[in-house]
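S.K.: My structure is stored as entry-v4.txt, with compact mmCIF, C-alpha atoms.
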# COMPACT_ATOMS: atom_id res chain seq x y z
CA MET M 1 -9.55 98.04 -29.50
CA SER M 2 -11.83 95.22 -30.61
CA VAL M 3 -14.78 94.38 -28.35
CA ILE M 4 -15.59 90.76 -27.48
CA ASN M 5 -19.26 89.98 -28.00
CA VAL M 6 -20.69 87.66 -25.37
CA PHE M 7 -24.10 85.99 -25.35
CA ILE M 8 -25.55 84.30 -22.26
CA SER M 9 -27.77 81.27 -22.90
CA TYR M 10 -29.97 80.12 -20.00
CA ALA M 11 -33.36 78.62 -19.20
CA TRP M 12 -36.29 80.67 -17.97
CA GLU M 13 -36.87 78.53 -14.91
CA SER M 14 -37.19 81.10 -12.12
CA GLU M 15 -37.18 84.84 -11.46
CA LYS M 16 -34.19 84.26 -9.17
CA LEU M 17 -32.12 82.81 -12.01
CA LYS M 18 -33.18 85.59 -14.39
CA LYS M 19 -31.91 88.17 -11.90
CA GLU M 20 -28.67 86.24 -11.33
CA VAL M 21 -28.03 86.21 -15.09
CA THR M 22 -28.82 89.93 -15.34
CA ASP M 23 -26.46 90.65 -12.45
CA LEU M 24 -23.72 88.56 -14.09
CA ALA M 25 -24.12 90.43 -17.40
CA GLN M 26 -23.96 93.79 -15.61
CA TRP M 27 -20.93 92.73 -13.55
CA ILE M 28 -19.00 91.62 -16.63
CA THR M 29 -19.86 94.80 -18.52
CA THR M 30 -18.84 97.00 -15.57
CA ASN M 31 -15.56 95.22 -14.89
CA ALA M 32 -14.39 94.56 -18.46
CA ASN M 33 -13.20 98.16 -19.02
CA GLY M 34 -15.01 98.41 -22.33
CA LYS M 35 -13.50 95.18 -23.69
CA VAL M 36 -16.69 93.10 -23.54
CA LEU M 37 -20.26 93.61 -24.76
CA VAL M 38 -22.74 91.22 -23.12
CA THR M 39 -26.12 90.42 -24.67
CA THR M 40 -29.01 88.67 -22.91
CA ASP M 41 -32.73 88.40 -23.61
CA HIS M 42 -33.62 90.76 -20.77
CA LEU M 43 -34.13 93.64 -23.20
CA PHE M 44 -37.11 91.71 -24.57
CA ALA M 45 -38.80 90.89 -21.27
CA HIS M 46 -42.11 92.36 -22.46
CA ARG M 47 -41.89 92.54 -26.25
CA PRO M 48 -40.12 89.96 -28.43
CA PRO M 49 -37.46 90.98 -30.98
CA LYS M 50 -39.01 92.14 -34.24
CA MET M 51 -37.31 89.39 -36.27
CA GLY M 52 -38.75 86.72 -33.95
CA TRP M 53 -37.06 84.63 -31.28
CA PRO M 54 -35.53 81.88 -33.49
CA THR M 55 -33.77 84.35 -35.81
CA TRP M 56 -32.66 86.55 -32.91
CA MET M 57 -31.19 83.59 -31.00
CA ALA M 58 -29.40 82.24 -34.06
CA ASP M 59 -27.98 85.70 -34.79
CA GLN M 60 -26.68 86.10 -31.24
CA ILE M 61 -24.95 82.73 -31.23
CA GLU M 62 -23.45 83.31 -34.67
CA SER M 63 -22.22 86.86 -33.99
CA SER M 64 -20.78 86.23 -30.53
CA GLU M 65 -17.16 85.29 -29.89
CA VAL M 66 -18.13 83.72 -26.56
CA VAL M 67 -21.36 82.03 -25.49
CA LEU M 68 -21.76 81.47 -21.74
CA ILE M 69 -24.13 78.56 -21.06
CA VAL M 70 -25.81 78.64 -17.66
CA CYS M 71 -26.25 74.96 -16.78
CA THR M 72 -29.23 74.22 -14.54
CA PRO M 73 -31.69 71.29 -14.26
CA ALA M 74 -34.16 72.91 -16.67
CA TYR M 75 -31.42 73.80 -19.14
CA LEU M 76 -30.12 70.22 -19.19
CA SER M 77 -33.61 68.80 -19.63
CA ARG M 78 -34.39 71.14 -22.52
CA PHE M 79 -30.94 70.77 -24.10
CA ARG M 80 -31.53 67.00 -24.18
CA LYS M 81 -35.08 67.52 -25.52
CA LYS M 82 -36.65 65.82 -22.52
CA GLU M 83 -38.80 68.75 -21.47
CA GLU M 84 -42.59 68.63 -21.54
CA LEU M 85 -43.92 69.41 -25.04
CA GLY M 86 -44.33 73.14 -25.57
CA LYS M 87 -41.95 74.20 -22.80
CA GLY M 88 -38.44 75.58 -23.10
CA ARG M 89 -38.41 75.91 -26.86
CA GLY M 90 -35.75 78.64 -26.72
CA VAL M 91 -33.16 76.44 -25.03
CA ILE M 92 -34.11 73.50 -27.25
CA TYR M 93 -33.45 75.68 -30.31
CA GLU M 94 -30.21 77.17 -28.95
CA GLY M 95 -29.03 73.74 -27.82
CA GLY M 96 -29.49 72.41 -31.33
CA ILE M 97 -27.43 75.25 -32.81
CA ILE M 98 -24.67 74.87 -30.20
CA THR M 99 -24.47 71.09 -30.69
CA GLN M 100 -24.35 71.42 -34.47
CA GLU M 101 -21.61 74.07 -34.36
CA LEU M 102 -19.49 71.83 -32.12
CA ILE M 103 -20.02 68.89 -34.48
CA ASN M 104 -19.19 71.03 -37.53
CA ASN M 105 -15.92 72.06 -35.86
CA GLN M 106 -15.09 68.49 -34.82
CA THR M 107 -15.57 69.56 -31.15
CA ILE M 108 -12.67 72.03 -31.38
CA ASN M 109 -14.11 74.79 -29.25
CA GLU M 110 -13.14 78.35 -28.35
CA LYS M 111 -16.66 79.72 -28.09
CA PHE M 112 -19.10 77.73 -25.93
CA PHE M 113 -18.39 77.61 -22.19
CA PRO M 114 -20.63 76.15 -19.46
CA ILE M 115 -20.93 77.98 -16.17
CA VAL M 116 -22.87 76.98 -13.04
CA PRO M 117 -24.74 79.04 -10.39
CA ASP M 118 -23.16 78.90 -6.93
CA ASP M 119 -26.10 76.85 -5.66
CA GLY M 120 -26.11 74.63 -8.76
CA ASP M 121 -24.59 71.28 -9.64
CA ILE M 122 -22.04 70.31 -12.29
CA GLU M 123 -24.21 67.28 -13.07
CA ASN M 124 -26.46 69.70 -14.98
CA ILE M 125 -23.81 70.31 -17.65
CA PRO M 126 -24.77 68.58 -20.95
CA VAL M 127 -22.36 65.79 -21.86
CA ILE M 128 -21.11 67.47 -25.04
CA LEU M 129 -20.13 70.55 -22.97
CA GLN M 130 -18.53 68.83 -19.97
CA GLN M 131 -15.06 68.78 -21.50
CA TYR M 132 -15.11 72.59 -21.73
CA PHE M 133 -16.03 73.23 -18.07
CA ASN M 134 -13.23 74.96 -16.20
CA GLY M 135 -14.75 75.23 -12.76
CA HIS M 136 -16.51 78.56 -13.25
CA PHE M 137 -19.34 79.28 -10.80
CA PHE M 138 -21.17 82.58 -10.40
CA PRO M 139 -21.38 85.01 -8.74
CA SER M 140 -18.49 83.78 -6.53
CA GLY M 141 -16.32 83.13 -9.60
CA ASN M 142 -17.23 86.15 -11.72
CA GLU M 143 -13.59 87.22 -12.01
CA GLY M 144 -12.63 83.82 -13.37
CA ILE M 145 -15.46 83.99 -15.93
CA LEU M 146 -14.23 87.40 -17.10
CA LYS M 147 -10.68 86.05 -17.43
CA MET M 148 -12.03 83.15 -19.49
CA ILE M 149 -13.83 85.59 -21.80
CA LEU M 150 -10.63 87.63 -22.20
CA ASN M 151 -8.61 84.43 -22.73
CA ASP M 152 -6.42 85.34 -19.78
CA ASN M 153 -4.74 82.02 -19.05
CA PRO M 154 -1.70 82.78 -16.86
CA THR M 155 -0.37 79.22 -16.80
CA PHE M 156 0.38 79.32 -20.53
CA ASP M 157 0.95 83.02 -21.18
CA HIS M 158 4.66 82.37 -21.67
CA VAL M 159 4.05 79.95 -24.55
CA ARG M 160 0.96 81.39 -26.22
CA GLN M 161 3.01 83.88 -28.24
CA PHE M 162 5.24 81.06 -29.43
CA PHE M 163 2.20 79.09 -30.55
CA GLU M 164 0.73 82.04 -32.40
CA ALA M 165 4.01 82.90 -34.15
CA SER M 166 5.18 79.36 -34.78
CA SER M 167 4.75 77.56 -38.07
CA VAL M 168 5.18 74.11 -36.51
CA GLY M 169 2.42 71.56 -36.91
CA GLU M 170 -0.51 71.14 -34.55
CA ALA M 171 0.81 67.79 -33.31
CA VAL M 172 4.08 69.45 -32.25
CA LYS M 173 2.22 72.30 -30.53
CA GLU M 174 0.06 69.82 -28.66
CA SER M 175 3.12 67.84 -27.59
CA ILE M 176 4.81 70.99 -26.27
CA ALA M 177 1.67 72.01 -24.37
CA ASN M 178 1.40 68.52 -22.86
CA ASP M 179 5.04 68.60 -21.76
CA ILE M 180 4.56 71.98 -20.10
CA GLN M 181 1.42 70.82 -18.31
CA GLU M 182 3.24 67.70 -17.09
CA LYS M 183 6.03 69.86 -15.64
CA ILE M 184 3.47 72.09 -13.95
CA ASN M 185 1.68 69.05 -12.50
CA THR M 186 4.98 67.68 -11.19
CA GLU M 187 5.74 70.92 -9.35
CA ILE M 188 2.22 71.08 -7.90
CA ALA M 189 2.48 67.43 -6.84
CA LYS M 190 5.72 68.13 -4.98
CA GLU M 191 4.14 71.03 -3.11
CA ILE M 192 0.99 69.07 -2.24
CA LEU M 193 3.01 66.04 -1.22
CA SER M 194 4.84 68.13 1.35
CA GLN M 195 1.52 68.70 3.12
CA PHE M 196 1.29 64.98 3.77
CA THR M 197 4.93 64.00 4.29
CA PHE M 198 5.56 66.71 6.88
CA THR M 199 3.41 64.88 9.43
CA LEU M 200 4.11 61.30 8.39
CA GLN M 201 5.61 59.17 11.14
CA LYS M 202 8.57 56.95 10.30
CA LYS M 203 6.42 53.85 10.56
CA GLU M 204 4.12 55.29 7.89
CA THR M 205 6.72 56.12 5.27
CA ASN M 206 5.54 53.13 3.24
CA MET M 207 2.44 55.25 2.49
CA LEU M 208 4.51 57.81 0.57
CA SER M 209 4.24 56.09 -2.81
CA PRO M 210 0.42 55.60 -2.69
CA ILE M 211 0.00 59.27 -1.78
CA GLN M 212 2.28 60.31 -4.64
CA ASN M 213 0.33 58.12 -7.07
CA THR M 214 -3.00 59.50 -5.83
CA ILE M 215 -1.87 63.12 -6.23
CA ARG M 216 -0.53 62.51 -9.71
CA ALA M 217 -3.67 60.63 -10.79
CA TYR M 218 -5.89 63.46 -9.52
CA LEU M 219 -3.85 66.15 -11.29
CA SER M 220 -4.06 64.25 -14.58
CA LEU M 221 -7.87 64.39 -14.61
CA ASN M 222 -9.85 66.95 -16.55
CA ASP M 223 -11.46 69.72 -14.54
CA PHE M 224 -15.00 68.35 -14.82
CA ASP M 225 -13.91 65.05 -13.25
CA LYS M 226 -11.96 66.88 -10.55
CA LEU M 227 -15.01 68.91 -9.54
CA LYS M 228 -17.19 65.82 -9.62
CA ILE M 229 -14.80 64.12 -7.19
CA ILE M 230 -14.59 67.19 -4.94
CA ASN M 231 -18.37 67.19 -4.68
CA SER M 232 -18.52 63.42 -4.10
CA ILE M 233 -16.12 63.42 -1.15
CA GLY M 234 -18.03 66.21 0.58
CA ILE M 235 -15.82 69.26 0.05
CA ASP M 236 -17.74 72.53 -0.39
CA ILE M 237 -17.10 73.45 -4.04
CA GLY M 238 -18.40 76.98 -3.62
CA ALA M 239 -15.82 77.77 -0.92
CA LEU M 240 -12.85 76.97 -3.17
CA ASN M 241 -10.76 79.30 -5.29
CA HIS M 242 -12.14 78.95 -8.83
CA GLU M 243 -10.07 81.70 -10.43
CA ASN M 244 -6.82 79.76 -10.22
CA ILE M 245 -7.03 76.01 -10.79
CA ILE M 246 -3.55 75.39 -9.37
CA GLU M 247 -4.39 77.13 -6.10
CA ARG M 248 -7.74 75.34 -5.99
CA ASP M 249 -6.03 71.94 -6.34
CA LYS M 250 -3.76 72.84 -3.43
CA GLU M 251 -6.78 73.88 -1.36
CA VAL M 252 -8.48 70.58 -2.14
CA PHE M 253 -5.56 68.48 -0.89
CA LYS M 254 -5.23 70.65 2.20
CA LEU M 255 -8.86 69.87 3.03
CA VAL M 256 -8.37 66.19 2.10
CA LYS M 257 -5.61 66.02 4.67
CA GLU M 258 -7.44 68.01 7.36
CA GLN M 259 -10.67 66.04 6.97
CA GLU M 260 -8.91 62.68 6.46
CA LEU M 261 -10.56 62.13 3.09
CA ILE M 262 -7.62 60.50 1.30
CA ALA M 263 -9.28 57.05 1.25
CA SER M 264 -12.48 58.51 -0.23
CA LEU M 265 -10.45 60.50 -2.77
CA TRP M 266 -8.62 57.34 -3.87
CA ASN M 267 -11.94 55.51 -4.39
CA CYS M 268 -13.40 58.32 -6.47
CA ILE M 269 -10.30 58.59 -8.66
CA ASN M 270 -10.28 54.81 -9.12
CA GLU M 271 -13.84 54.93 -10.49
CA ILE M 272 -12.79 57.40 -13.18
CA LYS M 273 -9.20 56.39 -13.84
CA SER M 274 -8.66 52.88 -12.55
CA PHE M 275 -5.62 52.00 -10.48
CA GLY M 276 -6.03 48.46 -11.82
CA ASN M 277 -6.62 45.64 -9.36
CA LEU M 278 -5.02 47.52 -6.48
CA LYS M 279 -6.90 47.72 -3.18
CA ASN M 280 -7.35 51.08 -1.53
CA PRO M 281 -4.05 51.52 0.38
CA PHE M 282 -5.57 54.08 2.75
CA ILE M 283 -8.16 51.78 4.27
CA LYS M 284 -6.72 50.16 7.38
Take the structure I supplied and represent it as structure tokens, if you would.
M.R.:
Amino acid sequence: MSVINVFISYAWESEKLKKEVTDLAQWITTNANGKVLVTTDHLFAHRPPKMGWPTWMADQIESSEVVLIVCTPAYLSRFRKKEELGKGRGVIYEGGIITQELINNQTINEKFFPIVPDDGDIENIPVILQQYFNGHFFPSGNEGILKMILNDNPTFDHVRQFFEASSVGEAVKESIANDIQEKINTEIAKEILSQFTFTLQKKETNMLSPIQNTIRAYLSLNDFDKLKIINSIGIDIGALNHENIIERDKEVFKLVKEQELIASLWNCINEIKSFGNLKNPFIK
């Protein structure tokens, strides 16, 4: 059995965060049943690695199959090289390596994944990493993080083997994956729509189409934009199910209905993926 090497990159910004990262590393190691080996810098809390920090960091990033990037205000500042001179040189160095590897691979990525503390904010994810954020918070979402490390993606388990065995071109594979995702979105949309239509009065049936369009537009967004919208309309991100994106989307629309946030949701979606010149149909 091959072991997946995982490295956790984070900023030394507080003792609280250091402990949270240590706890995350221990949790993953304990619950991975020997499948994952997690490395952090905690072993060198008092004495640096003998080869020096730059070489040690480069070696960890190069030798790891997965790099978890803990996105916090200090990490973002240092990643973008906006930190005060002399501070945060470790993150600045790691950020440079991570950015260059993504560029070298034309941003095709199966290695670098941003995660956010439960009390953190997705706005702290560097731009180049935002497209790889899948809604993983810790410690509330530790199980989802472990599944990401193990590449346990239940939505596409039934087609992954086909992809791995198939000799068809990448364009065909991408088209198949897109078709499957569209079918999944359609089924989710039907289920979510029932939450709204069940209580619609006859005089309000003209609202059915705008609700359908809003649901479909939301489901078509990437996960970073979804979470940004959830936060913007005032839904508690930390209270949602982050292990299963489908179930989380259903939870979001349940809360949108209960808290009468459909008008706010429409506005937020419109800012990201414009509905054209249409006026918000949910504002009376």
S.K.: Would you mind telling me which residue in M:Asn244, M:Asn213, M:Thr72, M:Thr29 lies nearest to M:His136 when using all atoms listed in the file?
M.R.: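 Closest to M:His136 of all the choices is M:Asn244.
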S.K.: Counting only C-alpha atoms, which residue out of M:Val256, M:Val116, M:Ala217, M:Cys71 sits closest to M:Ser274?
M.R.: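 Checking each of M:Val256, M:Val116, M:Ala217, M:Cys71 against M:Ser274, counting only C-alpha atoms, the winner is M:Ala217.
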S.K.: Do you know which residues are at most 10 Å from stretch 261-267 of chain M counting all atoms listed in the file, after dropping those on the same chain fewer than 3 positions away, and could you put them as a PyMOL selection string?
M.R.: chain M and resi 210-211+213-215+217-218+229-230+232-235+253+255-258+270-275+279-284
S.K.: Name the closest residue to M:Glu101 among the candidates M:Leu227, M:Gly52, M:Gln259, M:Ala58; distances are taken between atoms, counting all atoms listed in the file.
M.R.: M:Ala58
S.K.: Of the residues M:Glu94, M:Asp23, M:Asp118, M:Glu15, which is the one nearest to M:Asp236, using only C-alpha atoms?
M.R.: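 That would be M:Asp118, the residue with the smallest distance to M:Asp236.
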S.K.: At a cut-off of 8 Å, using all atoms listed in the file, what residues contact M:Val3? Leave out same-chain residues fewer than 4 positions from it and give the result as a list in words.
M.R.: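 Neighbouring residues, sequence-local ones excluded: Gly34, Lys35, Val36 and Leu37 of chain M.
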S.K.: The selected residues should be written to file as a PDB file, in the frame of the given file (atoms: C-alpha atoms).
M.R.:
ATOM      1  CA  GLY M  34     -15.010  98.410 -22.330  1.00  0.00           C
ATOM      2  CA  LYS M  35     -13.500  95.180 -23.690  1.00  0.00           C
ATOM      3  CA  VAL M  36     -16.690  93.100 -23.540  1.00  0.00           C
ATOM      4  CA  LEU M  37     -20.260  93.610 -24.760  1.00  0.00           C
TER       5      LEU M  37
END
S.K.: Have a look at atom CA of M:Asp152 and atom CA of M:Pro139 and let me know their distance in Å, one decimal.
M.R.: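 Atom CA of M:Asp152 sits 18.6 Å away from atom CA of M:Pro139.
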S.K.: What is the distance between atom CA of M:Phe112 and atom CA of M:Ala239, in Å to one decimal?
M.R.: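 Between atom CA of M:Phe112 and atom CA of M:Ala239 the gap is 25.2 Å.
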S.K.: For M:Thr22, please output as a list in words all residues within 12 Å (counting all atoms listed in the file; exclusion window: fewer than 6 positions along the same chain).
M.R.: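 Everything that qualifies: Phe7, Ile8, Ser9, Tyr10, Glu15, Lys16, Ile28, Thr29, Val38, Thr39, Thr40, Asp41, His42, Leu43, Ala45, Val70, Phe138 and Pro139 of chain M.
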S.K.: Measuring between all atoms listed in the file, which one of M:Met148, M:Thr99, M:Trp53, M:Lys81 shows the shortest distance to M:Phe113?
M.R.: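 Comparing M:Met148, M:Thr99, M:Trp53, M:Lys81 against M:Phe113, the winner is M:Met148.
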S.K.: With distances taken over only C-alpha atoms, which residue among M:Ile245, M:Val6, M:Ile69, M:Leu24 lies nearest M:Tyr132?
M.R.: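 Counting only C-alpha atoms, the residue closest to M:Tyr132 is M:Ile69.
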S.K.: Would you work out the distance separating atom CA of M:Gln131 from atom CA of M:Trp56, expressed in Å to one decimal?
M.R.: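 Pair atom CA of M:Gln131 / atom CA of M:Trp56 returns 27.5 Å.
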